[in-house]
$ cat model_38.txt   # compact mmCIF, C-alpha atoms
# COMPACT_ATOMS: atom_id res chain seq x y z
CA MET H 1475 -16.48 6.13 15.73
CA ALA H 1476 -13.06 4.76 14.77
CA VAL H 1477 -10.80 4.42 11.77
CA ASP H 1478 -8.30 1.58 11.80
CA VAL H 1479 -5.59 1.35 9.16
CA LEU H 1480 -4.22 -1.80 7.59
CA LEU H 1481 -1.09 -1.54 5.47
CA GLY H 1482 1.91 -3.54 4.28
CA LEU H 1483 5.16 -3.16 6.20
CA GLN H 1484 7.45 -4.46 3.47
CA TRP H 1485 7.53 -4.10 -0.34
CA GLY H 1486 3.92 -5.18 -0.88
CA ASP H 1487 2.42 -8.65 -1.39
CA GLU H 1488 2.31 -9.26 2.38
CA GLY H 1489 -1.16 -10.84 2.41
CA LYS H 1490 -3.19 -7.77 3.35
CA GLY H 1491 -6.33 -8.95 1.55
CA LYS H 1492 -6.73 -11.98 3.79
CA ILE H 1493 -6.38 -9.90 6.96
CA VAL H 1494 -8.91 -7.34 5.71
CA ASP H 1495 -11.30 -10.17 4.89
CA TYR H 1496 -10.95 -11.56 8.42
CA LEU H 1497 -11.33 -8.19 10.16
CA ALA H 1498 -14.31 -7.11 8.06
CA ASP H 1499 -16.96 -8.17 10.58
CA GLN H 1500 -15.69 -5.49 12.99
CA TYR H 1501 -16.41 -2.63 10.59
CA GLN H 1502 -19.23 -1.11 8.59
CA LEU H 1503 -16.96 0.31 5.87
CA VAL H 1504 -13.71 -0.66 4.19
CA CYS H 1505 -11.98 1.97 2.07
CA ARG H 1506 -9.06 1.92 -0.36
CA PHE H 1507 -7.06 5.12 0.08
CA GLN H 1508 -4.22 4.97 -2.51
CA GLY H 1509 -2.71 3.05 -5.40
CA GLY H 1510 -4.38 1.64 -8.45
CA PRO H 1511 -4.74 -1.56 -10.47
CA ASN H 1512 -1.06 -2.33 -9.90
CA ALA H 1513 -2.22 -3.72 -6.54
CA GLY H 1514 -3.35 -7.33 -6.26
CA HIS H 1515 -5.08 -8.40 -3.05
CA THR H 1516 -5.59 -12.16 -3.04
CA LEU H 1517 -8.49 -13.76 -1.13
CA TRP H 1518 -9.16 -17.48 -0.67
CA ILE H 1519 -12.83 -18.08 0.12
CA ASP H 1520 -14.21 -21.62 0.29
CA GLY H 1521 -11.14 -22.82 -1.57
CA LYS H 1522 -11.64 -20.35 -4.44
CA LYS H 1523 -9.01 -17.73 -5.27
CA THR H 1524 -10.05 -14.16 -6.05
CA VAL H 1525 -7.64 -11.33 -6.83
CA LEU H 1526 -8.92 -7.78 -6.30
CA HIS H 1527 -7.09 -4.94 -8.05
CA THR H 1528 -9.18 -1.84 -7.34
CA ILE H 1529 -12.21 -2.92 -5.31
CA PRO H 1530 -11.72 -3.09 -1.51
CA SER H 1531 -11.32 -6.50 0.11
CA GLY H 1532 -14.55 -6.24 2.11
CA ILE H 1533 -16.70 -6.77 -0.97
CA PHE H 1534 -17.61 -10.37 -0.07
CA HIS H 1535 -19.21 -9.29 3.22
CA ASN H 1536 -22.87 -8.40 2.71
CA HIS H 1537 -22.99 -5.89 5.57
CA MET H 1538 -20.02 -3.83 4.36
CA ILE H 1539 -19.89 -0.60 2.40
CA ASN H 1540 -16.84 -0.54 0.12
CA VAL H 1541 -15.37 2.81 -0.89
CA ILE H 1542 -12.71 3.60 -3.48
CA GLY H 1543 -11.23 6.84 -2.17
CA ASN H 1544 -9.93 9.93 -3.92
CA GLY H 1545 -6.31 8.83 -3.44
CA VAL H 1546 -6.84 5.86 -5.77
CA VAL H 1547 -6.24 6.07 -9.52
CA ILE H 1548 -8.80 4.08 -11.52
CA ASP H 1549 -8.58 2.37 -14.88
CA PRO H 1550 -12.28 2.16 -15.90
CA VAL H 1551 -11.68 -0.93 -18.08
CA THR H 1552 -10.01 -2.83 -15.23
CA LEU H 1553 -12.69 -1.72 -12.76
CA ILE H 1554 -15.62 -2.86 -14.93
CA ARG H 1555 -13.89 -6.17 -15.71
CA GLU H 1556 -13.40 -6.74 -11.98
CA ILE H 1557 -17.04 -5.89 -11.22
CA ASP H 1558 -18.28 -8.29 -13.90
CA ALA H 1559 -16.11 -11.11 -12.55
CA LEU H 1560 -17.44 -10.60 -9.02
CA VAL H 1561 -21.06 -10.44 -10.20
CA ALA H 1562 -20.50 -13.71 -12.08
CA GLN H 1563 -19.48 -15.24 -8.73
CA GLY H 1564 -22.76 -14.11 -7.19
CA CYS H 1565 -21.25 -11.17 -5.29
CA ASP H 1566 -23.58 -8.20 -4.76
CA VAL H 1567 -21.10 -5.55 -5.87
CA LEU H 1568 -23.33 -2.84 -7.29
CA ASN H 1569 -25.26 -2.16 -4.10
CA ARG H 1570 -22.20 -1.92 -1.88
CA LEU H 1571 -19.53 -0.16 -3.95
CA TYR H 1572 -19.04 3.62 -3.84
CA ILE H 1573 -16.45 5.60 -5.80
CA ALA H 1574 -15.04 9.02 -4.91
CA LYS H 1575 -15.66 11.60 -7.60
CA LYS H 1576 -12.22 13.06 -6.84
CA ALA H 1577 -10.38 9.83 -7.73
CA HIS H 1578 -8.30 10.25 -10.89
CA LEU H 1579 -8.80 8.30 -14.12
CA ILE H 1580 -6.11 6.32 -15.93
CA LEU H 1581 -6.35 7.00 -19.68
CA PRO H 1582 -5.20 4.59 -22.41
CA THR H 1583 -2.38 7.02 -23.20
CA HIS H 1584 -1.21 6.90 -19.55
CA ARG H 1585 -0.46 3.23 -20.12
CA LEU H 1586 1.35 4.01 -23.38
CA LEU H 1587 3.49 6.61 -21.62
CA ASP H 1588 4.28 4.11 -18.88
CA MET H 1589 5.36 1.44 -21.37
CA ALA H 1590 7.39 3.83 -23.52
CA SER H 1591 9.15 5.44 -20.55
CA GLU H 1592 10.06 2.12 -18.95
CA ALA H 1593 11.27 0.64 -22.27
CA SER H 1594 13.54 3.65 -22.83
CA LYS H 1595 15.36 3.11 -19.49
CA GLY H 1596 16.94 -0.18 -20.51
CA ALA H 1597 18.94 -1.64 -17.61
CA ASP H 1598 17.81 1.24 -15.36
CA LYS H 1599 14.15 0.13 -15.30
CA ILE H 1600 12.37 0.80 -11.98
CA GLY H 1601 10.09 -2.22 -12.35
CA SER H 1602 6.83 -0.49 -13.27
CA THR H 1603 3.76 -2.72 -13.67
CA LEU H 1604 3.01 -0.73 -16.89
CA ARG H 1605 -0.57 0.00 -15.76
CA GLY H 1606 -0.28 3.78 -16.29
CA ILE H 1607 -0.14 4.51 -12.54
CA GLY H 1608 2.93 6.79 -12.57
CA PRO H 1609 1.85 8.95 -15.53
CA CYS H 1610 -1.63 9.30 -14.02
CA TYR H 1611 -0.23 10.54 -10.70
CA MET H 1612 2.07 12.86 -12.64
CA ASP H 1613 -0.96 14.46 -14.29
CA LYS H 1614 -2.64 14.67 -10.90
CA THR H 1615 0.23 16.59 -9.32
CA GLY H 1616 0.71 18.57 -12.54
CA ARG H 1617 -2.97 19.63 -12.32
CA ASN H 1618 -3.83 18.18 -15.70
CA GLY H 1619 -5.67 15.05 -14.66
CA LEU H 1620 -9.18 13.81 -15.35
CA ARG H 1621 -11.24 12.74 -12.34
CA VAL H 1622 -14.19 10.39 -11.96
CA GLY H 1623 -16.52 13.35 -11.42
CA ASP H 1624 -15.45 14.82 -14.75
CA ALA H 1625 -17.20 11.90 -16.46
CA LEU H 1626 -20.50 13.51 -15.42
CA SER H 1627 -19.64 16.79 -17.17
CA ASN H 1628 -20.92 17.84 -20.60
CA THR H 1629 -17.35 18.82 -21.51
CA PHE H 1630 -15.80 15.49 -20.55
CA TYR H 1631 -14.98 14.41 -24.11
CA GLN H 1632 -13.23 17.72 -24.86
CA LYS H 1633 -11.21 17.40 -21.65
CA TYR H 1634 -10.25 13.87 -22.60
CA ILE H 1635 -9.10 14.87 -26.11
CA SER H 1636 -7.02 17.72 -24.68
CA LEU H 1637 -5.19 15.42 -22.23
CA ARG H 1638 -4.83 12.61 -24.77
CA ASP H 1639 -3.26 14.96 -27.32
CA LYS H 1640 -0.81 16.19 -24.71
CA HIS H 1641 0.20 12.59 -24.07
CA LEU H 1642 0.62 11.90 -27.79
CA ARG H 1643 3.00 14.86 -28.04
CA LEU H 1644 5.02 13.50 -25.12
CA LEU H 1645 5.16 10.04 -26.70
CA LYS H 1646 7.08 11.45 -29.69
CA GLN H 1647 10.21 11.73 -27.53
CA TYR H 1648 10.29 7.93 -27.06
CA PRO H 1649 10.94 5.12 -29.54
CA GLU H 1650 7.66 3.95 -31.09
CA ILE H 1651 5.84 1.05 -29.41
CA ASP H 1652 3.21 -1.25 -30.84
CA HIS H 1653 -0.31 -0.27 -29.82
CA ASP H 1654 -3.85 0.12 -31.11
CA LEU H 1655 -5.04 3.33 -29.49
CA ASN H 1656 -8.39 3.33 -31.29
CA ALA H 1657 -9.29 -0.11 -29.91
CA ASP H 1658 -8.12 0.89 -26.43
CA GLU H 1659 -10.18 4.09 -26.53
CA GLU H 1660 -13.29 2.22 -27.63
CA LYS H 1661 -13.06 -0.11 -24.64
CA TRP H 1662 -12.26 2.81 -22.35
CA PHE H 1663 -15.31 4.87 -23.32
CA GLU H 1664 -17.55 1.80 -23.04
CA ALA H 1665 -16.24 1.36 -19.49
CA ILE H 1666 -16.81 5.05 -18.76
CA GLU H 1667 -20.47 4.68 -19.79
CA ARG H 1668 -20.85 1.79 -17.35
CA MET H 1669 -18.99 3.66 -14.62
CA ARG H 1670 -21.40 6.59 -14.84
CA THR H 1671 -24.17 4.27 -13.64
CA LEU H 1672 -22.30 3.38 -10.43
CA ASP H 1673 -22.56 5.18 -7.07
CA LEU H 1674 -20.20 8.13 -7.54
CA ILE H 1675 -19.93 10.11 -4.32
CA ASP H 1676 -18.44 13.13 -2.59
CA ALA H 1677 -16.44 10.71 -0.43
CA GLU H 1678 -15.25 13.16 2.21
CA TYR H 1679 -18.85 14.05 3.16
CA PHE H 1680 -20.01 10.45 2.77
CA LEU H 1681 -17.35 9.15 5.16
CA TYR H 1682 -17.80 12.02 7.63
CA GLU H 1683 -21.50 11.26 7.90
CA HIS H 1684 -20.81 7.58 8.59
CA LEU H 1685 -18.25 8.44 11.26
CA GLN H 1686 -20.73 10.83 12.87
CA LYS H 1687 -23.16 7.91 13.10
CA GLY H 1688 -20.56 5.96 15.07
CA HIS H 1689 -19.68 3.55 12.27
CA ASN H 1690 -16.24 1.92 12.23
CA MET H 1691 -14.06 2.12 9.15
CA LEU H 1692 -11.08 0.08 7.96
CA ALA H 1693 -8.69 1.92 5.65
CA GLU H 1694 -7.04 -0.61 3.33
CA GLY H 1695 -3.61 0.19 1.94
CA ALA H 1696 -2.04 -1.17 -1.24
CA GLN H 1697 1.61 -2.00 -1.95
CA GLY H 1698 3.86 -1.54 1.14
CA VAL H 1699 5.77 1.02 3.20
CA MET H 1700 9.03 0.49 1.31
CA LEU H 1701 7.28 1.56 -1.90
CA ASP H 1702 6.11 4.90 -0.46
CA ILE H 1703 6.95 7.81 -2.76
CA ASP H 1704 8.58 9.77 0.10
CA PHE H 1705 9.89 7.15 2.53
CA GLY H 1706 10.43 4.09 0.35
CA THR H 1707 13.50 2.92 -1.61
CA TYR H 1708 13.34 5.87 -4.01
CA PRO H 1709 13.31 5.90 -7.03
CA PHE H 1710 12.25 2.23 -6.99
CA VAL H 1711 8.86 3.09 -5.49
CA THR H 1712 5.23 3.57 -6.41
CA SER H 1713 3.69 7.01 -7.06
CA SER H 1714 1.56 7.40 -3.92
CA ASN H 1715 1.88 7.56 -0.14
CA THR H 1716 1.50 3.99 1.09
CA ILE H 1717 2.04 4.90 4.76
CA SER H 1718 -0.63 5.79 7.31
CA SER H 1719 -0.46 9.53 6.54
CA GLY H 1720 -1.89 8.66 3.11
CA VAL H 1721 -5.19 7.75 4.78
CA SER H 1722 -6.05 11.37 5.51
CA SER H 1723 -5.16 12.69 2.07
CA GLY H 1724 -6.54 9.63 0.28
CA LEU H 1725 -9.96 9.58 1.99
CA GLY H 1726 -10.48 13.08 3.35
CA ILE H 1727 -10.63 12.08 7.01
CA PRO H 1728 -8.74 13.78 9.87
CA PRO H 1729 -5.70 12.02 11.39
CA THR H 1730 -7.35 12.37 14.81
CA ALA H 1731 -9.94 9.80 13.70
CA ILE H 1732 -7.31 7.04 13.41
CA ARG H 1733 -7.35 4.57 16.32
CA LYS H 1734 -4.81 1.89 15.45
CA VAL H 1735 -2.52 0.81 12.63
CA ILE H 1736 -2.21 -2.87 11.78
CA GLY H 1737 0.98 -3.61 9.85
CA VAL H 1738 1.18 -6.78 7.78
CA SER H 1739 4.50 -8.60 7.32
CA LYS H 1740 5.42 -11.94 5.87
CA ALA H 1741 7.48 -14.33 7.97
CA TYR H 1742 10.15 -13.70 5.34
CA CYS H 1743 10.50 -10.93 2.75
CA THR H 1744 9.81 -10.36 -0.95
CA ARG H 1745 9.81 -7.61 -3.51
CA VAL H 1746 8.91 -7.34 -7.20
CA GLY H 1747 10.97 -5.39 -9.69
CA SER H 1748 14.22 -3.50 -9.33
CA GLY H 1749 15.67 -1.75 -6.31
CA PRO H 1750 17.50 -2.47 -3.06
CA PHE H 1751 16.65 -5.60 -1.10
CA PRO H 1752 19.30 -6.13 1.63
CA SER H 1753 18.21 -9.60 2.81
CA GLU H 1754 17.65 -11.04 -0.68
CA LEU H 1755 18.61 -14.66 -1.37
CA THR H 1756 19.72 -15.02 -4.97
CA GLY H 1757 20.72 -18.68 -5.03
CA GLU H 1758 19.09 -22.03 -4.41
CA GLU H 1759 17.66 -20.98 -1.04
CA GLY H 1760 15.91 -17.98 -2.60
CA GLU H 1761 14.36 -20.19 -5.26
CA ARG H 1762 13.27 -22.62 -2.54
CA LEU H 1763 11.48 -19.78 -0.74
CA ARG H 1764 9.88 -18.62 -3.99
CA GLN H 1765 8.48 -22.05 -4.80
CA ALA H 1766 7.35 -22.77 -1.23
CA GLY H 1767 5.52 -19.44 -1.03
CA ASN H 1768 4.30 -19.45 -4.65
CA GLU H 1769 5.88 -16.03 -4.95
CA PHE H 1770 4.69 -14.83 -8.32
CA GLY H 1771 2.91 -11.49 -8.71
CA SER H 1772 -0.89 -11.66 -8.48
CA THR H 1773 -1.15 -8.70 -10.85
CA THR H 1774 1.84 -9.20 -13.17
CA GLY H 1775 2.75 -12.89 -12.74
CA ARG H 1776 6.39 -11.86 -12.33
CA PRO H 1777 8.54 -14.00 -10.02
CA ARG H 1778 9.15 -12.17 -6.76
CA ARG H 1779 12.60 -11.74 -5.30
CA CYS H 1780 12.77 -13.55 -1.95
CA GLY H 1781 14.84 -13.21 1.22
CA TRP H 1782 14.83 -13.47 4.98
CA ILE H 1783 12.76 -11.19 7.18
CA ASP H 1784 14.54 -7.86 7.70
CA LEU H 1785 14.26 -6.35 11.20
CA PRO H 1786 15.89 -2.94 10.54
CA GLN H 1787 13.49 -2.50 7.63
CA LEU H 1788 10.48 -3.56 9.73
CA ARG H 1789 11.44 -1.26 12.62
CA TYR H 1790 11.69 1.62 10.18
CA ALA H 1791 8.31 0.81 8.64
CA ALA H 1792 6.63 0.51 12.04
CA MET H 1793 8.21 3.78 13.19
CA ILE H 1794 6.99 5.95 10.31
CA THR H 1795 3.51 4.42 10.22
CA GLY H 1796 2.77 4.34 13.95
CA THR H 1797 2.08 0.59 13.78
CA THR H 1798 0.29 -0.71 16.88
CA ASP H 1799 -0.21 -4.37 15.92
CA ILE H 1800 1.51 -6.76 13.52
CA ALA H 1801 -0.12 -9.44 11.40
CA LEU H 1802 2.46 -12.10 10.50
CA THR H 1803 1.52 -13.97 7.32
CA LYS H 1804 2.72 -17.02 5.39
CA LEU H 1805 4.31 -18.62 8.44
CA ASP H 1806 3.48 -21.99 6.89
CA VAL H 1807 5.97 -21.31 4.07
CA MET H 1808 8.76 -21.84 6.63
CA ASN H 1809 7.50 -25.31 7.60
CA ALA H 1810 10.12 -27.22 5.62
CA PHE H 1811 13.16 -25.08 6.51
CA GLU H 1812 15.67 -26.68 8.86
CA SER H 1813 16.99 -23.27 9.84
CA ILE H 1814 15.42 -19.82 9.58
CA SER H 1815 17.49 -16.66 9.35
CA VAL H 1816 16.60 -13.13 10.44
CA ALA H 1817 18.41 -10.03 9.20
CA ASN H 1818 19.28 -8.38 12.51
CA GLU H 1819 21.38 -5.39 11.41
CA TYR H 1820 23.32 -4.01 8.46
CA GLU H 1821 27.02 -3.68 7.79
CA THR H 1822 27.81 -0.36 6.12
CA GLU H 1823 30.33 0.34 3.39
CA PHE H 1824 32.73 1.48 6.14
CA GLY H 1825 32.46 -1.79 8.09
CA LEU H 1826 30.20 -0.35 10.79
CA LYS H 1827 27.10 -2.11 12.16
CA THR H 1828 23.75 -0.30 12.19
CA LYS H 1829 20.07 -1.00 12.72
CA LYS H 1830 19.05 2.11 10.79
CA LEU H 1831 18.26 2.41 7.08
CA PRO H 1832 20.79 4.57 5.23
CA PHE H 1833 19.72 7.30 2.83
CA ASP H 1834 20.80 5.17 -0.14
CA MET H 1835 20.25 1.48 0.57
CA LEU H 1836 22.04 0.41 -2.62
CA GLU H 1837 25.29 2.16 -1.78
CA GLY H 1838 25.00 2.36 2.01
CA ILE H 1839 24.62 -1.35 2.85
CA LYS H 1840 27.50 -3.76 2.22
CA ASP H 1841 26.04 -6.82 3.95
CA VAL H 1842 23.44 -8.00 6.47
CA VAL H 1843 24.13 -9.63 9.84
CA LEU H 1844 21.94 -12.72 10.23
CA ASN H 1845 20.57 -14.36 13.37
CA GLN H 1846 19.80 -18.09 13.06
CA HIS H 1847 16.72 -19.83 14.45
CA PRO H 1848 15.84 -23.54 14.39
CA GLY H 1849 12.98 -24.51 12.08
CA TRP H 1850 10.06 -26.66 13.16
CA MET H 1851 10.06 -29.07 10.18
CA LYS H 1852 6.35 -29.89 10.36
CA ASP H 1853 3.02 -28.59 9.12
CA ILE H 1854 1.38 -26.11 11.47
CA VAL H 1855 -2.01 -27.35 12.63
CA ALA H 1856 -3.14 -24.98 15.36
CA ASP H 1857 -6.30 -23.18 16.43
CA THR H 1858 -4.65 -21.14 19.19
CA TYR H 1859 -1.24 -19.69 19.93
CA ASP H 1860 -0.62 -22.32 22.60
CA ASP H 1861 -1.11 -25.06 19.99
CA LEU H 1862 1.83 -23.83 17.93
CA PRO H 1863 5.13 -25.77 17.96
CA GLU H 1864 7.59 -24.43 20.53
CA GLU H 1865 10.03 -23.41 17.78
CA VAL H 1866 7.33 -21.25 16.20
CA LYS H 1867 6.53 -19.55 19.51
CA THR H 1868 10.23 -18.91 20.12
CA TYR H 1869 10.56 -17.35 16.66
CA ILE H 1870 7.51 -15.13 17.20
CA SER H 1871 8.66 -14.08 20.69
CA TYR H 1872 12.02 -13.09 19.25
CA LEU H 1873 10.40 -10.93 16.58
CA GLU H 1874 8.12 -9.26 19.14
CA LYS H 1875 11.04 -8.45 21.41
CA GLU H 1876 13.14 -7.01 18.60
CA LEU H 1877 10.27 -4.96 17.14
CA SER H 1878 8.76 -3.93 20.51
CA LEU H 1879 5.31 -4.64 19.05
CA PRO H 1880 2.74 -7.39 19.56
CA ILE H 1881 2.18 -9.93 16.80
CA THR H 1882 -1.59 -10.08 17.15
CA TYR H 1883 -2.48 -12.06 14.02
CA ILE H 1884 -0.65 -15.17 12.81
CA SER H 1885 -1.55 -16.64 9.43
CA THR H 1886 -0.74 -20.35 9.09
CA GLY H 1887 -2.18 -20.91 5.60
CA PRO H 1888 -4.04 -19.20 2.74
CA GLY H 1889 -7.60 -20.01 3.87
CA ARG H 1890 -9.92 -17.72 5.81
CA GLU H 1891 -9.93 -20.10 8.77
CA GLU H 1892 -6.12 -20.45 8.93
CA LEU H 1893 -5.54 -17.47 11.18
CA ILE H 1894 -4.68 -17.32 14.88
CA VAL H 1895 -5.76 -14.21 16.77
CA ARG H 1896 -4.09 -13.52 20.11

$ encode --input "model_38.txt" --output "structure tokens"
Amino acid sequence: MAVDVLLGLQWGDEGKGKIVDYLADQYQLVCRFQGGPNAGHTLWIDGKKTVLHTIPSGIFHNHMINVIGNGVVIDPVTLIREIDALVAQGCDVLNRLYIAKKAHLILPTHRLLDMASEASKGADKIGSTLRGIGPCYMDKTGRNGLRVGDALSNTFYQKYISLRDKHLRLLKQYPEIDHDLNADEEKWFEAIERMRTLDLIDAEYFLYEHLQKGHNMLAEGAQGVMLDIDFGTYPFVTSSNTISSGVSSGLGIPPTAIRKVIGVSKAYCTRVGSGPFPSELTGEEGERLRQAGNEFGSTTGRPRRCGWIDLPQLRYAAMITGTTDIALTKLDVMNAFESISVANEYETEFGLKTKKLPFDMLEGIKDVVLNQHPGWMKDIVADTYDDLPEEVKTYISYLEKELSLPITYISTGPGREELIVR
């Protein structure tokens, strides 16, 4: 019996889906434990791109049970659309997908509240994906939310109307936005009818029974550590706990069941939306990174902000998550760079050097101190670590030494097969 955790060590978009897909053969279950359809896990299988928003990334493996845990917030319309797309590809979703009854539902009015709230902030926008995630989590913590299990109740419609009307009262404080609530509700209730036919489970008992049988489980995180509601770059964060502690609350399993934590990091750094980003490149070099890495959001299509890999940030992320192994992704994006920089430490507003994250990263960091490394200026064609160019191995060894963690997985391209395991 073992639970391993896989999560992003940066601001999301690190390539977690590919690593989950590779690791899947080692587990009987893969479980999403937080987040919602603002996540976008991209898989490349036989040259075909698939983006998963709510369904766990083990869905293409016929032996795997896929569980959407109670810590996830679910938009029924998005979920059903995703299921239909996978079925059209020949994927056997319906027999291998299980949904926690205690997961909360995103209502059409949650999305309206998200859009209205973000629009009202003007230049102070936090960069919401406008999927209704934040308002849904607010209802959850405010003890007003609707859960998946409520859809099985005879009083579900009355509960829905009560929450919807509360949202409509709240919307009156914002400038009016264009929307067709009746059309949205019609699609939503159609999706609810379909969702009722799926395997809705008491996930905490379901997972406990599998662990008692000795089955291995992979807990799949969404977003990244720096978007954690408590430990991220607040207030420019998501609404859930993206760190390893979120596994216990998001699935109902004890922390003592966790064996290892695999942290995923790009060979550089990106973030979407507003907020601090110490190693960001805003000029021509940043655009070069964006184009080389095709850094546009898989969920929103927004161009991602790009910069060099940030070691103080990665040390912090590894520290608070208990990371045991690192998966380094998108190394191939650096193939054409003559020189590669690494953010080694920060310079504070008082001119001091530090390797720690300040309380306020916007005000507390004046500049970053960069360490230069020679590029390799060639495509990486390697089946083993020893086959890698010497400059690549030097770069990886440097990162391992600075982070005091092994880089166990090295992704050299988007495909399933383009992964070196040490």

$ closest_residue --input "model_38.txt" --among "H:Gln1563, H:Asn1536, H:Gln1846, H:Gln1484" --to "H:Gln1502" --atoms "all atoms listed in the file"
H:Asn1536

$ atom_distance --input "model_38.txt" --atom1 "atom CA of H:Gly1737" --atom2 "atom CA of H:Tyr1679"
27.4 Å

$ residues_around --input "model_38.txt" --residues "H:Ile1814" --least-positions-apart "5" --cutoff "9 Å" --atoms "all atoms listed in the file" --output "PyMOL selection string"
chain H and resi 1782+1808+1845-1849+1869

$ closest_residue --input "model_38.txt" --among "H:Glu1488, H:Asp1806, H:Asp1841, H:Glu1678" --to "H:Cys1505" --atoms "all atoms listed in the file"
H:Glu1678

$ closest_residue --input "model_38.txt" --among "H:Leu1805, H:Val1735, H:Leu1626, H:Val1561" --to "H:Met1669" --atoms "all atoms listed in the file"
H:Leu1626

$ closest_residue --input "model_38.txt" --among "H:Thr1795, H:Asp1834, H:Gly1491, H:Arg1896" --to "H:Asp1861" --atoms "only C-alpha atoms"
H:Arg1896

$ atom_distance --input "model_38.txt" --atom1 "atom CA of H:Leu1785" --atom2 "atom CA of H:Leu1701"
16.8 Å

$ closest_residue --input "model_38.txt" --among "H:Ala1693, H:Val1477, H:Leu1587, H:Leu1579" --to "H:Gly1724" --atoms "all atoms listed in the file"
H:Ala1693

$ atom_distance --input "model_38.txt" --atom1 "atom CA of H:Gly1757" --atom2 "atom CA of H:Pro1888"
26.0 Å

$ closest_residue --input "model_38.txt" --among "H:Val1567, H:Ala1741, H:Ala1696, H:Ala1590" --to "H:Asn1540" --atoms "only C-alpha atoms"
H:Val1567

$ residues_around --input "model_38.txt" --residues "stretch 1661-1665 of chain H" --least-positions-apart "5" --cutoff "7 Å" --atoms "all atoms listed in the file" --output "PyMOL selection string"
chain H and resi 1550-1551+1554

$ decode --input "model_38.txt" --residues "stretch 1553-1565 of chain H" --atoms "N, CA and C atoms" --output "tab-separated table (two decimals), in the first residue's frame"
chain	number	residue	atom	x	y	z
H	1553	LEU	N	-17.22	18.76	-17.53
H	1553	LEU	CA	-16.94	17.35	-17.30
H	1553	LEU	C	-17.57	16.47	-18.39
H	1554	ILE	N	-18.83	16.70	-18.69
H	1554	ILE	CA	-19.53	15.88	-19.70
H	1554	ILE	C	-18.92	16.10	-21.08
H	1555	ARG	N	-18.56	17.34	-21.39
H	1555	ARG	CA	-17.92	17.62	-22.67
H	1555	ARG	C	-16.59	16.88	-22.78
H	1556	GLU	N	-15.86	16.84	-21.70
H	1556	GLU	CA	-14.56	16.14	-21.68
H	1556	GLU	C	-14.75	14.64	-21.83
H	1557	ILE	N	-15.75	14.09	-21.16
H	1557	ILE	CA	-16.05	12.66	-21.28
H	1557	ILE	C	-16.41	12.32	-22.73
H	1558	ASP	N	-17.27	13.10	-23.33
H	1558	ASP	CA	-17.70	12.85	-24.70
H	1558	ASP	C	-16.52	12.88	-25.67
H	1559	ALA	N	-15.61	13.82	-25.46
H	1559	ALA	CA	-14.44	13.93	-26.35
H	1559	ALA	C	-13.55	12.70	-26.21
H	1560	LEU	N	-13.39	12.19	-25.00
H	1560	LEU	CA	-12.56	11.01	-24.78
H	1560	LEU	C	-13.22	9.76	-25.36
H	1561	VAL	N	-14.52	9.64	-25.19
H	1561	VAL	CA	-15.25	8.49	-25.75
H	1561	VAL	C	-15.12	8.50	-27.27
H	1562	ALA	N	-15.18	9.69	-27.87
H	1562	ALA	CA	-15.05	9.80	-29.33
H	1562	ALA	C	-13.68	9.34	-29.81
H	1563	GLN	N	-12.68	9.40	-28.92
H	1563	GLN	CA	-11.34	8.93	-29.25
H	1563	GLN	C	-11.18	7.43	-29.01
H	1564	GLY	N	-12.24	6.78	-28.52
H	1564	GLY	CA	-12.17	5.36	-28.23
H	1564	GLY	C	-11.71	5.03	-26.83
H	1565	CYS	N	-11.67	6.04	-25.96
H	1565	CYS	CA	-11.23	5.83	-24.57
H	1565	CYS	C	-12.39	5.32	-23.72
